[in-house]
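One structure is given here, and the rest of the page talks about it.
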Amino acid sequence: MTLRHLAVVMPAYNEAEGIQGFIDEIRDCVSPLADHVSFHVADDRSTDATATVFDAVSDVTVEVQPLNRGHGPTALSAYRAGLAADPDVLVHVDGDGQFYGSDFVRLINALTTEDADVVHGVRDGRTDPWYRKVLTGAVGLLIALAAGRRIPDVNTPLRAYRPDALRLLVDATPADATVPHVHFSLAEARAGFTVRYLRVASIPRRGESTTGTMWGRGNSVTLPPKRLRRFVRVALVEAWTLSLRPSAPLRGIRLPETVAR
């Protein structure tokens with residue numbers, strides 16, 4: 001089945017080195033699947049040329065954020081931009097290009113052929129810095145306890161959604177949330193979403209700096225323990241407030257029976 005409209009959304013910060021090649025690769029792979037493919041980049045006030053790379057590219061829209069707010073709020077802004085374009089399917093991925101375009105085809109096909117509300121790309125061979133792996137593992141354990149089952153790669157940035165299911169999650173999550181994908185994963189497990197998990201390759205960030213720019217540049221970047229502790233503390237408090245406590249807003253999400261797949 002050919003989709004009417006596929007939207008691909010990306011948060012990005014200082015990704016001018018590799019983002020154009022990444023989007024070109026995705027476009028080449030997914031174009032046969034949809035009559036129209038659009039790309040929506042939320043730029044977190046990059047200090048390089050990320051915001052202007054696509055000035056002459058008609059199918060890519062770049063929205064520069066009013067403030068530099070970090071990955072979570074920027075991802076939510078990208079989701080909202082994609083939903084506003086009224087797609088049949090929406091795919092989220094980070095702008096650092098740590099996936100192959102061919103895996104987008106597998107993700108979308110799994111969504112459309114397996115009667116799913118969302119498909120998560122579960123990363124194999126992750127090349128992220130140690131502190132991101134530690135954070136993901138710790139949060140994954142916490143979410144597994146809350147959900148009553150293990151959720152593979154709870155914070156994966158590669159996800160394909162049915163728009164009606166996604167809108168429930170985005171509308172219930174504050175725009176300044178630090179770890180929206182953690183909230184999404186837990187809400188999906190509790191709310192009766194049909195979730196599929198697909199193993200995908202995780203590759204190094206595209207561009208000269210293989211470690212990315214969120215925490216600094218250079219091949220030997222390390223995160224100061226104080227900063228790591230602060231981020232983990234913020235994420236845990238947010239998880240309790242939005243998803244874990246008895247009156248948490250995301251606990252009330254339920255997928256209506258009328259949502260079409």
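Chain lettering (A, B, ...) mirrors the order of the structure tokens, residue numbering begins at 1 for each chain separately, and ligand numbering begins at 1 in order of display.
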All residues 12 Å or closer to A:Asp48, only C-alpha atoms, same chain fewer than 2 positions away omitted, as a VMD selection string: chain A and resid 12 to 19 43 to 46 50 to 53 213
Residue neighbourhood stretch 2-10 of chain A, 8 Å, only C-alpha atoms, exclusion window fewer than 5 positions, as a short mmCIF file (atom, residue, chain, number, x, y, z; two decimals) with all heavy atoms, in the first residue's frame:
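Final file, result-v2.cif:
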data_model
loop_
_atom_site.label_atom_id
_atom_site.label_comp_id
_atom_site.auth_asym_id
_atom_site.auth_seq_id
_atom_site.Cartn_x
_atom_site.Cartn_y
_atom_site.Cartn_z
N PRO A 32 9.65 5.57 -2.60
CA PRO A 32 8.72 4.62 -3.23
C PRO A 32 7.53 4.26 -2.35
O PRO A 32 6.54 3.69 -2.86
CB PRO A 32 9.60 3.39 -3.49
CG PRO A 32 11.00 3.92 -3.54
CD PRO A 32 11.03 5.02 -2.53
N LEU A 33 7.57 4.57 -1.07
CA LEU A 33 6.50 4.17 -0.15
C LEU A 33 5.36 5.17 -0.06
O LEU A 33 4.31 4.86 0.49
CB LEU A 33 7.06 3.95 1.27
CG LEU A 33 8.21 2.97 1.43
CD1 LEU A 33 8.62 2.88 2.89
CD2 LEU A 33 7.82 1.60 0.89
N ALA A 34 5.56 6.40 -0.58
CA ALA A 34 4.56 7.45 -0.37
C ALA A 34 4.48 8.37 -1.58
O ALA A 34 5.48 8.61 -2.26
CB ALA A 34 4.90 8.27 0.87
N ASP A 35 3.28 8.86 -1.82
CA ASP A 35 3.10 9.85 -2.89
C ASP A 35 3.83 11.16 -2.57
O ASP A 35 4.31 11.85 -3.47
CB ASP A 35 1.61 10.14 -3.10
CG ASP A 35 0.85 8.94 -3.62
OD1 ASP A 35 1.47 8.13 -4.35
OD2 ASP A 35 -0.35 8.80 -3.30
N HIS A 36 3.88 11.49 -1.28
CA HIS A 36 4.54 12.72 -0.85
C HIS A 36 5.31 12.45 0.43
O HIS A 36 4.80 11.83 1.36
CB HIS A 36 3.48 13.82 -0.60
CG HIS A 36 4.05 15.08 -0.06
ND1 HIS A 36 5.06 15.78 -0.67
CD2 HIS A 36 3.74 15.79 1.08
CE1 HIS A 36 5.35 16.86 0.04
NE2 HIS A 36 4.58 16.89 1.10
N VAL A 37 6.57 12.90 0.46
CA VAL A 37 7.41 12.78 1.65
C VAL A 37 7.85 14.19 2.04
O VAL A 37 8.34 14.95 1.20
CB VAL A 37 8.65 11.91 1.40
CG1 VAL A 37 9.50 11.81 2.67
CG2 VAL A 37 8.26 10.52 0.91
N SER A 38 7.65 14.54 3.32
CA SER A 38 8.09 15.84 3.81
C SER A 38 8.99 15.65 5.03
O SER A 38 8.84 14.70 5.80
CB SER A 38 6.89 16.73 4.18
OG SER A 38 6.12 16.15 5.23
N PHE A 39 9.93 16.59 5.18
CA PHE A 39 10.87 16.55 6.29
C PHE A 39 10.71 17.83 7.12
O PHE A 39 10.62 18.93 6.56
CB PHE A 39 12.31 16.46 5.78
CG PHE A 39 12.60 15.19 5.03
CD1 PHE A 39 12.34 15.09 3.67
CD2 PHE A 39 13.11 14.08 5.69
CE1 PHE A 39 12.60 13.92 2.97
CE2 PHE A 39 13.36 12.89 5.00
CZ PHE A 39 13.11 12.82 3.64
N HIS A 40 10.69 17.66 8.43
CA HIS A 40 10.45 18.79 9.35
C HIS A 40 11.56 18.78 10.39
O HIS A 40 11.61 17.89 11.25
CB HIS A 40 9.08 18.65 9.99
CG HIS A 40 7.98 18.48 8.99
ND1 HIS A 40 7.27 19.54 8.49
CD2 HIS A 40 7.52 17.36 8.36
CE1 HIS A 40 6.39 19.09 7.61
NE2 HIS A 40 6.52 17.78 7.51
N VAL A 41 12.46 19.75 10.31
CA VAL A 41 13.61 19.85 11.20
C VAL A 41 13.35 20.95 12.22
O VAL A 41 13.04 22.09 11.86
CB VAL A 41 14.90 20.16 10.42
CG1 VAL A 41 16.09 20.31 11.39
CG2 VAL A 41 15.18 19.07 9.39
N ALA A 42 13.45 20.60 13.49
CA ALA A 42 13.39 21.59 14.57
C ALA A 42 14.83 21.87 15.00
O ALA A 42 15.49 21.00 15.55
CB ALA A 42 12.56 21.08 15.74
N ALA A 75 12.56 17.88 20.27
CA ALA A 75 11.90 16.73 19.67
C ALA A 75 10.38 16.91 19.66
O ALA A 75 9.70 16.62 18.67
CB ALA A 75 12.27 15.46 20.42
N ALA A 78 9.42 19.22 16.94
CA ALA A 78 9.46 18.53 15.65
C ALA A 78 8.23 17.66 15.45
O ALA A 78 7.63 17.64 14.36
CB ALA A 78 10.74 17.69 15.55
N TYR A 79 7.82 16.96 16.50
CA TYR A 79 6.60 16.15 16.41
C TYR A 79 5.39 17.01 16.06
O TYR A 79 4.57 16.65 15.21
CB TYR A 79 6.34 15.45 17.75
CG TYR A 79 7.03 14.13 17.93
CD1 TYR A 79 7.88 13.91 19.02
CD2 TYR A 79 6.81 13.07 17.05
CE1 TYR A 79 8.49 12.68 19.22
CE2 TYR A 79 7.42 11.84 17.24
CZ TYR A 79 8.26 11.66 18.32
OH TYR A 79 8.87 10.43 18.51
N ALA A 81 5.28 19.86 14.52
CA ALA A 81 5.37 20.34 13.14
C ALA A 81 4.96 19.24 12.16
O ALA A 81 4.26 19.48 11.18
CB ALA A 81 6.80 20.81 12.84
N GLY A 82 5.39 18.02 12.44
CA GLY A 82 5.01 16.91 11.56
C GLY A 82 3.54 16.61 11.60
O GLY A 82 2.91 16.36 10.57
N ALA A 85 1.32 18.79 9.51
CA ALA A 85 1.35 18.55 8.07
C ALA A 85 0.36 17.47 7.63
O ALA A 85 0.24 17.20 6.44
CB ALA A 85 2.76 18.14 7.65
N ASP A 86 -0.36 16.87 8.58
CA ASP A 86 -1.42 15.89 8.30
C ASP A 86 -0.92 14.67 7.51
O ASP A 86 -1.43 14.36 6.45
CB ASP A 86 -2.58 16.56 7.55
CG ASP A 86 -3.79 15.66 7.42
OD1 ASP A 86 -4.01 14.82 8.31
OD2 ASP A 86 -4.51 15.78 6.40
N PRO A 87 0.09 13.96 8.05
CA PRO A 87 0.59 12.78 7.35
C PRO A 87 -0.25 11.54 7.68
O PRO A 87 -1.02 11.51 8.63
CB PRO A 87 2.00 12.63 7.90
CG PRO A 87 1.86 13.10 9.32
CD PRO A 87 0.85 14.23 9.29
N ASP A 88 -0.05 10.48 6.88
CA ASP A 88 -0.61 9.17 7.19
C ASP A 88 0.27 8.44 8.21
O ASP A 88 -0.22 7.68 9.04
CB ASP A 88 -0.68 8.30 5.93
CG ASP A 88 -1.58 8.88 4.87
OD1 ASP A 88 -2.63 9.44 5.23
OD2 ASP A 88 -1.23 8.77 3.69
N VAL A 89 1.57 8.65 8.09
CA VAL A 89 2.56 8.04 8.99
C VAL A 89 3.61 9.10 9.30
O VAL A 89 3.99 9.90 8.44
CB VAL A 89 3.22 6.81 8.34
CG1 VAL A 89 4.43 6.33 9.15
CG2 VAL A 89 2.22 5.67 8.18
N LEU A 90 4.07 9.10 10.55
CA LEU A 90 5.11 10.03 10.96
C LEU A 90 6.27 9.24 11.56
O LEU A 90 6.07 8.36 12.40
CB LEU A 90 4.57 11.02 11.98
CG LEU A 90 5.49 12.16 12.44
CD1 LEU A 90 4.67 13.40 12.79
CD2 LEU A 90 6.33 11.76 13.65
N VAL A 91 7.48 9.56 11.13
CA VAL A 91 8.69 8.92 11.64
C VAL A 91 9.55 9.98 12.31
O VAL A 91 9.80 11.05 11.73
CB VAL A 91 9.50 8.23 10.53
CG1 VAL A 91 10.79 7.63 11.10
CG2 VAL A 91 8.68 7.14 9.86
N HIS A 92 9.99 9.69 13.53
CA HIS A 92 10.91 10.58 14.24
C HIS A 92 12.30 9.97 14.24
O HIS A 92 12.47 8.76 14.43
CB HIS A 92 10.46 10.78 15.69
CG HIS A 92 11.44 11.56 16.53
ND1 HIS A 92 12.62 11.01 17.01
CD2 HIS A 92 11.43 12.84 16.95
CE1 HIS A 92 13.29 11.93 17.69
NE2 HIS A 92 12.59 13.04 17.68
N VAL A 93 13.31 10.83 14.05
CA VAL A 93 14.70 10.40 14.18
C VAL A 93 15.53 11.62 14.54
O VAL A 93 15.22 12.74 14.15
CB VAL A 93 15.22 9.76 12.87
CG1 VAL A 93 15.32 10.79 11.75
CG2 VAL A 93 16.56 9.06 13.09
N ASP A 94 16.60 11.43 15.31
CA ASP A 94 17.48 12.54 15.63
C ASP A 94 18.29 12.94 14.40
O ASP A 94 18.60 12.10 13.53
CB ASP A 94 18.43 12.16 16.77
CG ASP A 94 17.74 12.10 18.12
OD1 ASP A 94 16.58 12.56 18.21
OD2 ASP A 94 18.36 11.60 19.08
N GLY A 95 18.69 14.20 14.36
CA GLY A 95 19.39 14.72 13.20
C GLY A 95 20.84 14.32 13.09
O GLY A 95 21.50 14.70 12.12
#
message: From a backbone DSSP assignment, name each residue in stretch 47-156 of chain A labelled strand (DSSP E), as a VMD selection string.
response: chain A and resid 60 to 64 89 to 92 118 to 124
task: Fewer than 5 positions away in the same chain doesn't count, so skip those; otherwise give me all residues within 9 Å of A:Val105, counting only C-alpha atoms, as a PyMOL selection string.
output: chain A and resi 26+29-30+33+110
Please, could you write that set of residues out with N, CA and C atoms as a CSV table (one decimal), in the first residue's frame?
chain,number,residue,atom,x,y,z
A,26,ILE,N,17.6,9.1,3.5
A,26,ILE,CA,16.3,8.7,3.9
A,26,ILE,C,15.3,8.9,2.7
A,29,CYS,N,15.4,6.2,0.1
A,29,CYS,CA,14.9,4.9,0.5
A,29,CYS,C,13.4,4.9,0.6
A,30,VAL,N,12.8,6.0,1.1
A,30,VAL,CA,11.4,5.9,1.5
A,30,VAL,C,10.5,6.5,0.4
A,33,LEU,N,7.6,4.6,-1.1
A,33,LEU,CA,6.5,4.2,-0.2
A,33,LEU,C,5.4,5.2,-0.1
A,110,ALA,N,6.7,-2.3,8.8
A,110,ALA,CA,6.2,-3.0,10.0
A,110,ALA,C,5.0,-2.3,10.6
message: One number please: atom CA of A:Gly148 to atom CA of A:Pro174, in Å, one decimal.
response: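 Atom-to-atom, atom CA of A:Gly148 and atom CA of A:Pro174 are spaced 24.6 Å apart.
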- prompt: So, counting only C-alpha atoms, which residue among A:Val195, A:Ile23, A:Leu169, A:Ala187 is closest to A:Glu114?
  reply: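 Using only C-alpha atoms, A:Glu114 sits closest to A:Val195.
For A:Leu145, the list of residues within 12 Å, based on only C-alpha atoms and with local chain neighbours fewer than 5 positions off taken out, reads Ala138, Val139, Gly140, Arg150, Ile151, Leu186, Ala189 and Leu244 of chain A.
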Counting only C-alpha atoms, the residue of A:Leu67, A:Val57, A:Ala201, A:Ile108 that sits nearest A:Asp176: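 For A:Asp176, the nearest of the candidates is A:Leu67.
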- prompt: atom CA of A:Arg233 and atom CA of A:Arg167, how far apart in Å?
  reply: 27.7 Å
task: Taking the chain letters and numbering used in this document, name the residues of stretch 10-241 of chain A that DSSP puts in alpha helix (DSSP H), as a count of residues only.
output: 93
- prompt: Which of these, A:His71, A:Arg245, A:Arg159, A:Arg27, has the shortest distance to A:Arg196 once you count only C-alpha atoms?
  reply: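 With only C-alpha atoms as the atom set, the closest residue is A:Arg159.
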